[in-house]
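A short write-up of the structure that comes next.
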Amino acid sequence: MKAIVFDTFGGTEVLHETETDIPEPGPGQVRVRVRAAGVNPVDGKIRSGTMEAIFPTTLPAIPGGEIAGVVDALGTGVDTLKVGDEVLGWSDTGSYAQYAVATAAVLAPKPAGLDWARAVALPVASDGAERVLDLLDVEAGETLLIHGASGALGTVAVQLAVARGAHVIGTAGPANQEYVTSLGATALVYGPDLVERVRVVAPKGVDAVFDAAGKGALEDSIALRGGTERIVTTADFRARELGVVFAEGPQRRSAARLAELAQQAADGALLLMVCATYPLADAAKAQQASDAGHSRGKLVLTVD
């Protein structure tokens with residue numbers, strides 16, 4: 001099968017396409033013919049070697065862990081899925097490939113009304129967003145500040161927080177202000193004087209902060225909260241030195257919740273924005289775009 005691999009840690013230049021063996025599913029697993037693979041910021045951090053302490057990587061490695069595709073083969077003990085089922089979820093092997101192996105229990109059915117690219121925009125973002133919202137204990141009537149509100153994670157986090165009844169303030173670049181507003185948030189441009197500008201739109205203060213951007217907003221967040229309580233980042237590795245929680249705990253990977261949100265997306269009740277799609281062979285370009293940040297929604301690899 002065709003796959004993208006890296007044999008050493010480094011920049012996007014270490015990624016290259018190669019032919020490798022098709023993986024075989026083990027007990028409780030299925031093999032998925034990948035139709036779309038999600039490109040996430042963590043993929044670039046693993047490729048660069050900066051995540052070795054958290055995600056040790058055996059080289060050569062296939063990047064990625066987010067898939068949407070068609071069940072191609074069943075491992076022993078799998079009775080919840082059948083060959084031909086269209087699914088989305090998380091892979092146990094790298095997802096930048098024509099085939100990937102996944103645990104059957106963490107795959108959700110893909111609704112007919114949800115295309116492959118939008119389907120693969122959901123697993124990591126929904127799981128990460130709900131995990132952080134729960135860590136922050138966000139409740140109805142509270143004010144939540146989300147940094148990186150226009151990205152794939154931010155897009156879902158804003159909507160899920162609004163659904164909880166929270167008032168959301170979302171920071172993003174100048175070109176994404178209307179988009180963030182369309183998600184149900186009060187949009188602000190990140191950058192200088194952010195603390196003062198947040199206080200104008202939230203004179204009673206912010207109750208919690210979700211940093212999905214990792215662009216140096218933690219100091220402003222601490223100033224707005226008057227301390228480090230109820231601030232969580234998924235992207236800023238300075239968190240510990242500043243006394244802020246870095247959300248690196250185990251993912252929940254609930255197939256039932258994923259299926260529920262996928263149906264909402266198919267029905268139009270949950271917006272999933274795809275920023276750009278790239279063919280598998282252009283994985284390096286996709287990761288370059290991811291490393292640069294500032295995207296609106298999800299970057300996706302399409303797999304023939």
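Starting from 1 in every chain, residues are counted up; chains themselves are A, B, ... following the order of the structure tokens, and ligands are numbered from 1 as listed.
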**OP:** Select from segment 104-277 of chain A everything DSSP, run on the backbone, classes as strand (DSSP E or B), then give the selection as JSON, numbers by chain.
**Re:** {"A": [107, 108, 109, 143, 144, 145, 146, 147, 151, 167, 168, 169, 170, 171, 172, 186, 187, 188, 189, 208, 209, 210, 211, 231, 232, 233, 245, 246, 274, 275, 276, 277]}
Hey, which bits of segment 220-288 of chain A sit within 12 Å of segment 177-181 of chain A, and for each residue what's the closest pair of atoms and how far apart in Å (one decimal), counting only C-alpha atoms, rows by chain and increasing number, as a tab-separated table?
```
residue	atom	partner	partner_atom	distance
A:Leu271	CA	A:Tyr179	CA	11.0
A:Leu272	CA	A:Tyr179	CA	12.0
A:Met273	CA	A:Tyr179	CA	10.1
```
**OP:** Find the residues near Leu114 of chain A: any atom within 9 Å, counting only C-alpha atoms, skip ones fewer than 5 places away on the same chain, and give them as a PyMOL selection string.
**Re:** chain A and resi 119+262-263+265-267
**OP:** Tell me, in Å to one decimal, how far atom CA of Arg33 of chain A is from atom CA of Val78 of chain A.
**Re:**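 Distance reported for this atom pair: 16.8 Å.
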Subject >> Residues within 12 Å of Val206 of chain A, only C-alpha atoms, excluding chain neighbours under 6 positions, as a list in words >> reply: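 Contacts, with the query itself left out: Val138, Gly141, Glu142, Thr143, Leu144, Leu145, Ile146, Ala166, His167, Val168, Ile169, Gly170, Val195, Val198, Arg199, Val200, Asp220, Ser221, Ile222, Ala223, Leu224, Arg225, Gly226, Gly227, Glu229, Arg230 and Ile231 of chain A.
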Dump N, CA, C and O atoms for the selected residues as an mmCIF file, in the first residue's frame?
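Once everything was written out, this is again.cif:
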```
data_model
loop_
_atom_site.group_PDB
_atom_site.id
_atom_site.type_symbol
_atom_site.label_atom_id
_atom_site.label_comp_id
_atom_site.auth_asym_id
_atom_site.auth_seq_id
_atom_site.Cartn_x
_atom_site.Cartn_y
_atom_site.Cartn_z
ATOM 1 N N VAL A 138 -17.242 23.910 32.554
ATOM 2 C CA VAL A 138 -17.996 25.023 31.977
ATOM 3 C C VAL A 138 -19.495 24.773 32.123
ATOM 4 O O VAL A 138 -19.994 23.712 31.750
ATOM 5 N N GLY A 141 -24.401 30.009 31.551
ATOM 6 C CA GLY A 141 -24.322 31.335 32.148
ATOM 7 C C GLY A 141 -22.912 31.838 32.377
ATOM 8 O O GLY A 141 -22.719 33.022 32.661
ATOM 9 N N GLU A 142 -21.907 30.961 32.244
ATOM 10 C CA GLU A 142 -20.526 31.382 32.448
ATOM 11 C C GLU A 142 -19.937 31.966 31.165
ATOM 12 O O GLU A 142 -20.429 31.724 30.062
ATOM 13 N N THR A 143 -18.867 32.730 31.338
ATOM 14 C CA THR A 143 -18.154 33.311 30.195
ATOM 15 C C THR A 143 -16.856 32.541 29.986
ATOM 16 O O THR A 143 -16.026 32.449 30.888
ATOM 17 N N LEU A 144 -16.699 31.992 28.784
ATOM 18 C CA LEU A 144 -15.524 31.192 28.428
ATOM 19 C C LEU A 144 -14.758 31.895 27.324
ATOM 20 O O LEU A 144 -15.334 32.276 26.297
ATOM 21 N N LEU A 145 -13.461 32.062 27.517
ATOM 22 C CA LEU A 145 -12.579 32.629 26.502
ATOM 23 C C LEU A 145 -11.857 31.490 25.797
ATOM 24 O O LEU A 145 -11.204 30.666 26.445
ATOM 25 N N ILE A 146 -11.981 31.420 24.473
ATOM 26 C CA ILE A 146 -11.321 30.387 23.681
ATOM 27 C C ILE A 146 -10.328 31.041 22.735
ATOM 28 O O ILE A 146 -10.708 31.844 21.871
ATOM 29 N N ALA A 166 -23.001 28.539 27.621
ATOM 30 C CA ALA A 166 -21.947 29.491 27.986
ATOM 31 C C ALA A 166 -21.920 30.656 27.006
ATOM 32 O O ALA A 166 -22.291 30.520 25.833
ATOM 33 N N HIS A 167 -21.470 31.800 27.486
ATOM 34 C CA HIS A 167 -21.162 32.935 26.617
ATOM 35 C C HIS A 167 -19.705 32.793 26.235
ATOM 36 O O HIS A 167 -18.824 32.788 27.101
ATOM 37 N N VAL A 168 -19.434 32.673 24.935
ATOM 38 C CA VAL A 168 -18.076 32.400 24.460
ATOM 39 C C VAL A 168 -17.484 33.632 23.804
ATOM 40 O O VAL A 168 -18.112 34.276 22.949
ATOM 41 N N ILE A 169 -16.247 33.960 24.194
ATOM 42 C CA ILE A 169 -15.444 34.961 23.509
ATOM 43 C C ILE A 169 -14.343 34.198 22.784
ATOM 44 O O ILE A 169 -13.604 33.422 23.409
ATOM 45 N N GLY A 170 -14.238 34.381 21.479
ATOM 46 C CA GLY A 170 -13.266 33.627 20.701
ATOM 47 C C GLY A 170 -12.249 34.523 20.029
ATOM 48 O O GLY A 170 -12.611 35.483 19.348
ATOM 49 N N VAL A 195 -6.165 41.928 26.799
ATOM 50 C CA VAL A 195 -6.773 41.943 28.129
ATOM 51 C C VAL A 195 -7.805 43.065 28.230
ATOM 52 O O VAL A 195 -8.936 42.844 28.683
ATOM 53 N N VAL A 198 -10.894 42.302 26.012
ATOM 54 C CA VAL A 198 -11.772 41.279 26.591
ATOM 55 C C VAL A 198 -12.605 41.889 27.716
ATOM 56 O O VAL A 198 -13.809 41.614 27.839
ATOM 57 N N ARG A 199 -11.983 42.721 28.528
ATOM 58 C CA ARG A 199 -12.708 43.329 29.652
ATOM 59 C C ARG A 199 -13.835 44.245 29.185
ATOM 60 O O ARG A 199 -14.824 44.421 29.886
ATOM 61 N N VAL A 200 -13.697 44.797 27.987
ATOM 62 C CA VAL A 200 -14.763 45.638 27.443
ATOM 63 C C VAL A 200 -16.002 44.805 27.146
ATOM 64 O O VAL A 200 -17.125 45.211 27.457
ATOM 65 N N ASP A 220 -1.844 36.648 29.123
ATOM 66 C CA ASP A 220 -3.068 37.441 29.098
ATOM 67 C C ASP A 220 -4.206 36.699 29.794
ATOM 68 O O ASP A 220 -5.032 37.309 30.498
ATOM 69 N N SER A 221 -4.248 35.393 29.611
ATOM 70 C CA SER A 221 -5.296 34.586 30.239
ATOM 71 C C SER A 221 -5.185 34.626 31.755
ATOM 72 O O SER A 221 -6.191 34.738 32.464
ATOM 73 N N ILE A 222 -3.959 34.537 32.256
ATOM 74 C CA ILE A 222 -3.731 34.587 33.699
ATOM 75 C C ILE A 222 -4.141 35.956 34.254
ATOM 76 O O ILE A 222 -4.749 36.057 35.329
ATOM 77 N N ALA A 223 -3.829 37.011 33.509
ATOM 78 C CA ALA A 223 -4.215 38.349 33.941
ATOM 79 C C ALA A 223 -5.732 38.482 34.005
ATOM 80 O O ALA A 223 -6.284 39.069 34.952
ATOM 81 N N LEU A 224 -6.424 37.920 33.026
ATOM 82 C CA LEU A 224 -7.883 38.011 33.000
ATOM 83 C C LEU A 224 -8.531 37.187 34.103
ATOM 84 O O LEU A 224 -9.565 37.570 34.646
ATOM 85 N N ARG A 225 -7.921 36.061 34.456
ATOM 86 C CA ARG A 225 -8.478 35.202 35.497
ATOM 87 C C ARG A 225 -7.999 35.607 36.886
ATOM 88 O O ARG A 225 -8.544 35.141 37.882
ATOM 89 N N GLY A 226 -6.951 36.423 36.952
ATOM 90 C CA GLY A 226 -6.409 36.782 38.251
ATOM 91 C C GLY A 226 -5.673 35.627 38.906
ATOM 92 O O GLY A 226 -5.573 35.540 40.125
ATOM 93 N N GLY A 227 -5.142 34.748 38.094
ATOM 94 C CA GLY A 227 -4.453 33.542 38.567
ATOM 95 C C GLY A 227 -4.552 32.463 37.512
ATOM 96 O O GLY A 227 -5.045 32.685 36.400
ATOM 97 N N GLU A 229 -6.140 29.421 37.906
ATOM 98 C CA GLU A 229 -7.276 28.517 38.074
ATOM 99 C C GLU A 229 -8.197 28.574 36.861
ATOM 100 O O GLU A 229 -8.474 29.641 36.324
ATOM 101 N N ARG A 230 -8.675 27.419 36.437
ATOM 102 C CA ARG A 230 -9.618 27.256 35.326
ATOM 103 C C ARG A 230 -9.062 27.822 34.010
ATOM 104 O O ARG A 230 -9.750 28.473 33.237
ATOM 105 N N ILE A 231 -7.794 27.533 33.757
ATOM 106 C CA ILE A 231 -7.173 27.788 32.458
ATOM 107 C C ILE A 231 -6.577 26.465 31.989
ATOM 108 O O ILE A 231 -5.824 25.827 32.729
#
```
Original post:
Can you tell me, as a list in words, what residues are no more than 12 Å from Ala239 of chain A when counting only C-alpha atoms, ignoring any on the same chain fewer than 5 positions away?
Top reply: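 Counting only C-alpha atoms, the residues come to Asp211, Gly214, Lys215, Gly216, Ala217, Leu218, Glu219, Ser221, Ile222, Thr228, Ile231, Val232, Thr233, Thr234, Val244, Val245, Phe246, Ala247 and Glu248 of chain A.
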**OP:** Quick one: pull the distance between atom CA of Ala289 of chain A and atom CA of Ala36 of chain A, Å, one decimal.
**Re:**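 Between these atoms lies a distance of 17.1 Å.
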Original post:
Looking at A:Gly89, A:Gly151, A:Gly64, A:Gly205, which one is nearest to Ala292 of chain A, with distances taken over only C-alpha atoms?
Top reply: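 Ranking A:Gly89, A:Gly151, A:Gly64, A:Gly205 by distance to Ala292 of chain A, first place goes to A:Gly151.
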Output as CSV one row per residue of segment 114-214 of chain A within 12 Å of segment 96-109 of chain A: the closest atom pair and its distance in Å to one decimal place, counting only C-alpha atoms, sorted by chain and residue number ascending.
```
residue,atom,partner,partner_atom,distance
A:Leu114,CA,A:Pro109,CA,10.4
A:Trp116,CA,A:Pro109,CA,11.8
A:Ala119,CA,A:Pro109,CA,9.9
A:Val120,CA,A:Ala108,CA,11.2
A:Leu122,CA,A:Ala108,CA,10.8
A:Pro123,CA,A:Leu107,CA,9.3
A:Val124,CA,A:Val106,CA,11.8
A:Asp127,CA,A:Val106,CA,11.4
```
